[in-house]
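Novice: What follows is my_file_31.pdb; its format and atoms are PDB, C-alpha atoms, pLDDT in the B column.
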```pdb
ATOM      1  CA  MET A  20      86.510 -43.724 192.265  1.00 54.00           C
ATOM      2  CA  LYS A  21      83.001 -44.918 191.397  1.00 57.00           C
ATOM      3  CA  LEU A  22      83.695 -44.170 187.747  1.00 52.00           C
ATOM      4  CA  LEU A  23      86.900 -46.232 187.827  1.00 49.00           C
ATOM      5  CA  THR A  24      85.094 -49.124 189.522  1.00 52.00           C
ATOM      6  CA  ARG A  25      82.320 -48.945 186.934  1.00 50.00           C
ATOM      7  CA  GLU A  26      84.795 -48.875 184.049  1.00 53.00           C
ATOM      8  CA  LEU A  27      86.726 -51.843 185.454  1.00 47.00           C
ATOM      9  CA  SER A  28      83.462 -53.742 185.915  1.00 47.00           C
ATOM     10  CA  ILE A  29      82.538 -53.081 182.302  1.00 48.00           C
ATOM     11  CA  SER A  30      86.010 -54.238 181.221  1.00 49.00           C
ATOM     12  CA  MET A  31      85.758 -57.446 183.196  1.00 47.00           C
ATOM     13  CA  LEU A  32      82.264 -58.118 181.857  1.00 42.00           C
ATOM     14  CA  PHE A  33      83.501 -57.582 178.306  1.00 47.00           C
ATOM     15  CA  LEU A  34      86.411 -59.971 178.845  1.00 45.00           C
ATOM     16  CA  MET A  35      84.103 -62.581 180.375  1.00 44.00           C
ATOM     17  CA  VAL A  36      81.861 -62.338 177.307  1.00 41.00           C
ATOM     18  CA  LEU A  37      84.942 -62.697 175.121  1.00 46.00           C
ATOM     19  CA  GLY A  38      85.990 -65.745 177.136  1.00 48.00           C
ATOM     20  CA  VAL A  39      82.579 -67.366 176.877  1.00 39.00           C
ATOM     21  CA  THR A  40      82.384 -66.771 173.143  1.00 41.00           C
ATOM     22  CA  SER A  41      85.868 -68.159 172.631  1.00 46.00           C
ATOM     23  CA  CYS A  42      84.966 -71.255 174.654  1.00 43.00           C
ATOM     24  CA  SER A  43      81.869 -71.750 172.543  1.00 40.00           C
ATOM     25  CA  SER A  44      84.117 -71.865 169.484  1.00 45.00           C
ATOM     26  CA  LEU A  45      85.773 -74.914 171.007  1.00 47.00           C
ATOM     27  CA  SER A  46      82.507 -76.743 170.387  1.00 52.00           C
ATOM     28  CA  THR A  47      82.737 -75.854 166.704  1.00 67.00           C
ATOM     29  CA  SER A  48      82.990 -79.022 164.698  1.00 84.00           C
ATOM     30  CA  PRO A  49      86.413 -79.864 163.276  1.00 85.00           C
ATOM     31  CA  ASP A  50      84.888 -79.913 159.774  1.00 89.00           C
ATOM     32  CA  LYS A  51      83.616 -76.343 160.203  1.00 93.00           C
ATOM     33  CA  LEU A  52      87.000 -75.190 161.501  1.00 94.00           C
ATOM     34  CA  VAL A  53      88.750 -76.754 158.484  1.00 94.00           C
ATOM     35  CA  LYS A  54      86.260 -75.089 156.119  1.00 95.00           C
ATOM     36  CA  ASP A  55      86.671 -71.727 157.900  1.00 95.00           C
ATOM     37  CA  ALA A  56      90.475 -72.080 157.662  1.00 96.00           C
ATOM     38  CA  GLN A  57      90.229 -72.771 153.923  1.00 96.00           C
ATOM     39  CA  ASN A  58      87.944 -69.752 153.451  1.00 96.00           C
ATOM     40  CA  ALA A  59      90.355 -67.571 155.448  1.00 96.00           C
ATOM     41  CA  LYS A  60      93.278 -68.741 153.312  1.00 96.00           C
ATOM     42  CA  GLU A  61      91.364 -67.920 150.117  1.00 96.00           C
ATOM     43  CA  ALA A  62      90.389 -64.470 151.446  1.00 93.00           C
ATOM     44  CA  MET A  63      93.999 -63.710 152.387  1.00 93.00           C
ATOM     45  CA  ILE A  64      95.255 -64.771 148.947  1.00 93.00           C
ATOM     46  CA  GLU A  65      92.573 -62.641 147.300  1.00 91.00           C
ATOM     47  CA  ALA A  66      93.609 -59.620 149.401  1.00 89.00           C
ATOM     48  CA  GLN A  67      97.301 -60.152 148.689  1.00 89.00           C
ATOM     49  CA  PRO A  68      98.042 -62.650 145.878  1.00 89.00           C
ATOM     50  CA  ASP A  69     101.798 -62.676 146.708  1.00 88.00           C
ATOM     51  CA  ILE A  70     101.026 -64.538 149.934  1.00 92.00           C
ATOM     52  CA  GLN A  71     100.031 -67.655 147.964  1.00 94.00           C
ATOM     53  CA  GLU A  72     103.729 -68.423 147.476  1.00 94.00           C
ATOM     54  CA  LEU A  73     104.226 -68.520 151.259  1.00 94.00           C
ATOM     55  CA  PHE A  74     101.346 -70.972 151.641  1.00 96.00           C
ATOM     56  CA  GLN A  75     102.986 -73.183 148.996  1.00 95.00           C
ATOM     57  CA  THR A  76     106.641 -72.952 150.069  1.00 95.00           C
ATOM     58  CA  SER A  77     106.511 -72.711 153.879  1.00 95.00           C
ATOM     59  CA  ALA A  78     107.418 -75.795 155.896  1.00 96.00           C
ATOM     60  CA  GLY A  79     104.118 -75.185 157.693  1.00 97.00           C
ATOM     61  CA  TYR A  80     101.561 -72.629 158.726  1.00 98.00           C
ATOM     62  CA  ALA A  81      98.924 -72.223 161.400  1.00 97.00           C
ATOM     63  CA  ILE A  82      95.787 -70.433 160.280  1.00 97.00           C
ATOM     64  CA  PHE A  83      93.267 -68.926 162.679  1.00 96.00           C
ATOM     65  CA  PRO A  84      90.131 -68.006 160.707  1.00 96.00           C
ATOM     66  CA  ASN A  85      88.321 -66.226 163.556  1.00 93.00           C
ATOM     67  CA  VAL A  86      90.306 -64.424 166.233  1.00 92.00           C
ATOM     68  CA  GLY A  87      88.397 -62.111 168.539  1.00 88.00           C
ATOM     69  CA  LYS A  88      90.119 -59.365 170.498  1.00 87.00           C
ATOM     70  CA  GLY A  89      88.564 -57.001 172.979  1.00 85.00           C
ATOM     71  CA  ALA A  90      90.059 -54.426 175.297  1.00 80.00           C
ATOM     72  CA  TYR A  91      89.394 -51.653 177.701  1.00 80.00           C
ATOM     73  CA  VAL A  92      92.822 -51.106 179.251  1.00 77.00           C
ATOM     74  CA  LEU A  93      92.985 -54.869 179.917  1.00 79.00           C
ATOM     75  CA  GLY A  94      92.731 -56.808 176.678  1.00 80.00           C
ATOM     76  CA  GLY A  95      92.361 -60.366 175.559  1.00 86.00           C
ATOM     77  CA  ALA A  96      92.212 -62.346 172.338  1.00 88.00           C
ATOM     78  CA  SER A  97      91.445 -65.925 171.462  1.00 92.00           C
ATOM     79  CA  GLY A  98      90.840 -68.142 168.477  1.00 95.00           C
ATOM     80  CA  ASN A  99      91.067 -71.688 167.196  1.00 96.00           C
ATOM     81  CA  GLY A 100      93.009 -72.796 164.159  1.00 96.00           C
ATOM     82  CA  ILE A 101      94.517 -75.529 162.064  1.00 97.00           C
ATOM     83  CA  LEU A 102      98.209 -76.392 161.651  1.00 97.00           C
ATOM     84  CA  TYR A 103      99.330 -77.442 158.188  1.00 97.00           C
ATOM     85  CA  GLU A 104     102.703 -79.015 157.516  1.00 95.00           C
ATOM     86  CA  ASN A 105     103.914 -79.244 153.908  1.00 90.00           C
ATOM     87  CA  GLY A 106     100.359 -78.414 152.836  1.00 89.00           C
ATOM     88  CA  ASN A 107      98.736 -81.206 154.869  1.00 94.00           C
ATOM     89  CA  MET A 108      96.582 -80.740 157.944  1.00 96.00           C
ATOM     90  CA  GLN A 109      98.401 -81.967 161.051  1.00 95.00           C
ATOM     91  CA  GLY A 110      96.270 -80.828 163.974  1.00 95.00           C
ATOM     92  CA  TYR A 111      94.389 -78.205 165.896  1.00 96.00           C
ATOM     93  CA  THR A 112      95.710 -75.165 167.676  1.00 95.00           C
ATOM     94  CA  GLU A 113      94.359 -72.591 170.086  1.00 95.00           C
ATOM     95  CA  LEU A 114      95.506 -68.976 170.471  1.00 94.00           C
ATOM     96  CA  LYS A 115      95.241 -66.994 173.713  1.00 92.00           C
ATOM     97  CA  GLN A 116      96.475 -63.495 174.479  1.00 88.00           C
ATOM     98  CA  LEU A 117      96.184 -61.207 177.487  1.00 82.00           C
ATOM     99  CA  ASP A 118      97.662 -57.718 177.598  1.00 77.00           C
ATOM    100  CA  ILE A 119      97.355 -54.397 179.356  1.00 74.00           C
ATOM    101  CA  GLY A 120      97.892 -50.860 178.100  1.00 71.00           C
ATOM    102  CA  PHE A 121      96.175 -47.886 176.558  1.00 71.00           C
ATOM    103  CA  GLN A 122      93.636 -49.714 174.414  1.00 71.00           C
ATOM    104  CA  ILE A 123      89.914 -49.799 173.833  1.00 77.00           C
ATOM    105  CA  GLY A 124      87.580 -51.535 171.406  1.00 82.00           C
ATOM    106  CA  GLY A 125      86.992 -54.870 169.825  1.00 84.00           C
ATOM    107  CA  LYS A 126      88.112 -56.520 166.635  1.00 84.00           C
ATOM    108  CA  ALA A 127      87.733 -59.745 164.706  1.00 88.00           C
ATOM    109  CA  TYR A 128      90.525 -60.831 162.408  1.00 90.00           C
ATOM    110  CA  ARG A 129      92.185 -63.728 160.621  1.00 94.00           C
ATOM    111  CA  GLU A 130      95.749 -64.654 161.503  1.00 93.00           C
ATOM    112  CA  VAL A 131      98.267 -66.929 159.856  1.00 96.00           C
ATOM    113  CA  ILE A 132     101.687 -67.866 161.215  1.00 95.00           C
ATOM    114  CA  PHE A 133     104.157 -69.054 158.580  1.00 96.00           C
ATOM    115  CA  PHE A 134     107.062 -71.344 159.527  1.00 96.00           C
ATOM    116  CA  GLN A 135     110.076 -71.326 157.197  1.00 95.00           C
ATOM    117  CA  THR A 136     111.724 -74.447 158.609  1.00 95.00           C
ATOM    118  CA  ASP A 137     110.742 -77.881 159.894  1.00 95.00           C
ATOM    119  CA  SER A 138     112.324 -77.033 163.248  1.00 94.00           C
ATOM    120  CA  ALA A 139     110.084 -73.956 163.575  1.00 94.00           C
ATOM    121  CA  VAL A 140     107.048 -76.199 162.959  1.00 95.00           C
ATOM    122  CA  GLU A 141     108.309 -78.684 165.584  1.00 95.00           C
ATOM    123  CA  ASP A 142     108.778 -75.842 168.082  1.00 94.00           C
ATOM    124  CA  PHE A 143     105.158 -74.832 167.512  1.00 95.00           C
ATOM    125  CA  LYS A 144     103.947 -78.412 167.893  1.00 94.00           C
ATOM    126  CA  SER A 145     105.749 -78.756 171.232  1.00 90.00           C
ATOM    127  CA  GLY A 146     102.592 -77.335 172.816  1.00 77.00           C
ATOM    128  CA  ASP A 147     104.265 -74.510 174.730  1.00 80.00           C
ATOM    129  CA  TYR A 148     104.757 -71.970 171.958  1.00 89.00           C
ATOM    130  CA  GLU A 149     104.673 -68.181 172.354  1.00 89.00           C
ATOM    131  CA  LEU A 150     105.084 -65.190 170.094  1.00 84.00           C
ATOM    132  CA  THR A 151     107.279 -62.770 172.001  1.00 73.00           C
ATOM    133  CA  ALA A 152     106.848 -59.033 172.337  1.00 65.00           C
ATOM    134  CA  ASN A 153     109.235 -58.390 169.429  1.00 62.00           C
ATOM    135  CA  ALA A 154     107.060 -60.364 166.994  1.00 72.00           C
ATOM    136  CA  SER A 155     105.456 -58.195 164.368  1.00 75.00           C
ATOM    137  CA  ALA A 156     102.607 -58.853 161.991  1.00 79.00           C
ATOM    138  CA  VAL A 157     101.855 -57.594 158.516  1.00 81.00           C
ATOM    139  CA  ILE A 158      98.309 -56.309 158.101  1.00 81.00           C
ATOM    140  CA  LEU A 159      96.873 -57.564 154.809  1.00 80.00           C
ATOM    141  CA  GLU A 160      94.828 -54.991 152.938  1.00 73.00           C
ATOM    142  CA  LYS A 161      93.310 -55.498 149.522  1.00 69.00           C
ATOM    143  CA  GLY A 162      95.419 -53.839 146.869  1.00 61.00           C
ATOM    144  CA  ARG A 163      98.366 -53.072 149.147  1.00 67.00           C
ATOM    145  CA  SER A 164     101.295 -55.415 148.872  1.00 64.00           C
ATOM    146  CA  LYS A 165     103.528 -55.757 151.909  1.00 73.00           C
ATOM    147  CA  SER A 166     106.258 -58.262 152.590  1.00 80.00           C
ATOM    148  CA  ILE A 167     106.149 -60.432 155.687  1.00 84.00           C
ATOM    149  CA  ASP A 168     109.114 -60.080 158.029  1.00 85.00           C
ATOM    150  CA  PHE A 169     110.439 -63.361 159.400  1.00 88.00           C
ATOM    151  CA  GLN A 170     112.116 -63.576 162.802  1.00 87.00           C
ATOM    152  CA  ASP A 171     113.664 -66.899 163.813  1.00 87.00           C
ATOM    153  CA  GLY A 172     111.929 -68.592 160.873  1.00 90.00           C
ATOM    154  CA  VAL A 173     108.448 -67.300 161.790  1.00 92.00           C
ATOM    155  CA  GLY A 174     106.313 -64.666 160.052  1.00 92.00           C
ATOM    156  CA  VAL A 175     102.810 -63.461 160.883  1.00 92.00           C
ATOM    157  CA  ALA A 176     100.059 -61.977 158.700  1.00 91.00           C
ATOM    158  CA  ILE A 177      96.751 -60.575 159.926  1.00 90.00           C
ATOM    159  CA  MET A 178      93.644 -59.686 157.954  1.00 90.00           C
ATOM    160  CA  PRO A 179      91.008 -57.563 159.721  1.00 86.00           C
ATOM    161  CA  LYS A 180      87.408 -58.785 159.472  1.00 86.00           C
ATOM    162  CA  ALA A 181      85.334 -56.394 161.582  1.00 76.00           C
ATOM    163  CA  GLY A 182      85.379 -54.071 164.553  1.00 69.00           C
ATOM    164  CA  ALA A 183      87.084 -50.923 165.673  1.00 64.00           C
ATOM    165  CA  MET A 184      90.270 -50.937 167.665  1.00 59.00           C
ATOM    166  CA  ALA A 185      93.531 -49.066 167.607  1.00 55.00           C
ATOM    167  CA  GLY A 186      95.928 -51.688 166.229  1.00 52.00           C
ATOM    168  CA  VAL A 187      96.321 -55.400 166.684  1.00 53.00           C
ATOM    169  CA  SER A 188      99.312 -56.797 168.527  1.00 58.00           C
ATOM    170  CA  VAL A 189     100.609 -60.349 168.390  1.00 64.00           C
ATOM    171  CA  GLY A 190     103.306 -60.178 171.071  1.00 63.00           C
ATOM    172  CA  GLY A 191     102.406 -62.265 174.081  1.00 79.00           C
ATOM    173  CA  GLN A 192     100.262 -64.753 172.204  1.00 87.00           C
ATOM    174  CA  LYS A 193     100.400 -68.307 173.536  1.00 92.00           C
ATOM    175  CA  PHE A 194      99.415 -71.410 171.624  1.00 92.00           C
ATOM    176  CA  GLU A 195      98.318 -74.919 172.436  1.00 93.00           C
ATOM    177  CA  TYR A 196      98.503 -77.713 169.884  1.00 94.00           C
ATOM    178  CA  ARG A 197      97.051 -81.192 169.511  1.00 92.00           C
ATOM    179  CA  ASP A 198      97.409 -83.676 166.679  1.00 91.00           C
ATOM    180  CA  ALA A 199      94.393 -84.494 164.535  1.00 85.00           C
ATOM    181  CA  GLN A 200      92.977 -87.909 165.418  1.00 72.00           C
TER
END
```
I need this file expressed as structure tokens, please.
Specialist:
Amino acid sequence: MKLLTRELSISMLFLMVLGVTSCSSLSTSPDKLVKDAQNAKEAMIEAQPDIQELFQTSAGYAIFPNVGKGAYVLGGASGNGILYENGNMQGYTELKQLDIGFQIGGKAYREVIFFQTDSAVEDFKSGDYELTANASAVILEKGRSKSIDFQDGVGVAIMPKAGAMAGVSVGGQKFEYRDAQ
């Protein structure tokens, strides 16, 4: 019992650290976030050149240059991003995820959500958007071309940055959105 209590305490401490670090990213200047988003886009195109077409032809996309995920049974992820519509920056978005299951570790990654239609972009901008449990993401790896599966006009791509964790899930992610001022 003491071991379980200790392990849960460590998990909660880890998630609190994750929460604090994600909150500190909120203080990141908008200019830095835009630059980080541009760098993430370039890195994703370099890893998989075919994805450039999606950036050019999608009705919109939300790019999260720095998502952090940590877990020890209970897991959480968070990150800040930029929403682009028809190639133009529209506003800021925030990703949050909480899940439970057989999982351990921590990971940093980039994530982009592509929207095929204007209505999918408007759904995202409504401010109460979620990726459901059936959402799947393509993991971008340099030199390995994979196609992105779209469900209801939405496709997700992830590019690992650092860390060690068994898999990255996107189901259960929630997003907040606000227009750029």
Novice: So what does the PyMOL selection byres ((chain A and resi 51-68) around 9) actually pick up in this one, as a count of residues only?
Specialist: 30
Novice: Could you tell me which residues the PyMOL selection byres ((chain A and resi 127) around 8) returns for this structure, as a list in words?
Specialist: Asn85, Val86, Gly87, Lys88, Gly125, Lys126, Tyr128, Arg129, Pro179, Lys180, Ala181 and Gly182 of chain A
Novice: Show me as a VMD selection string the residues that reach within 12 Å of (112.9, -82.5, 159.6), counting all atoms listed in the file and using the file's own coordinates.
Specialist: chain A and resid 78 to 79 104 to 105 135 to 142
Novice: For Arg197 (chain A), which residue out of A:Asn107, A:Ser145, A:Ser97, A:Gln122 is the nearest one, using all atoms listed in the file?
Specialist: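 Closest to Arg197 (chain A), using all atoms listed in the file: A:Ser145.
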Novice: Quick one: pull the distance between CA of Phe194 (chain A) and CA of Lys115 (chain A), Å, one decimal.
Specialist: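 Value for the CA of Phe194 (chain A)-CA of Lys115 (chain A) distance: 6.4 Å.
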Novice: Kindly give the distance, in Å, that separates CA of Asp168 (chain A) and CA of Phe133 (chain A), rounded to a single decimal.
Specialist: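 That distance, rounded to one decimal, is 10.3 Å.
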Novice: When you look at Ala199 (chain A) with a cut-off of 9 Å (counting only C-alpha atoms), what residues show up, excluding the ones that are within fewer than 4 positions of it in the same chain? I need them as a PyMOL selection string.
Specialist: chain A and resi 108-111
Novice: Let me make sure I understand: among A:Phe143, A:Ile132, A:Gly98, A:Asp118, which one has the smallest atom-to-atom distance to Ile167 (chain A) if we use all atoms listed in the file?
Specialist: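 Selected residue with least distance to Ile167 (chain A): A:Ile132.
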Novice: What does the distance from CA of Leu93 (chain A) to CA of Leu117 (chain A) come to in Å, to one decimal?
Specialist: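 That distance, rounded to one decimal, is 7.5 Å.
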Novice: Between A:Gln170, A:Gln116, A:Gly191, A:Ala96, which has the minimum distance to Leu150 (chain A) (counting only C-alpha atoms)?
Specialist: A:Gly191
Novice: Would you please work out which residue, of A:Phe169, A:Glu149, A:Ile158, A:Gly94, is nearest to Glu113 (chain A) when using only C-alpha atoms?
Specialist: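 That would be A:Glu149, the residue with the smallest distance to Glu113 (chain A).
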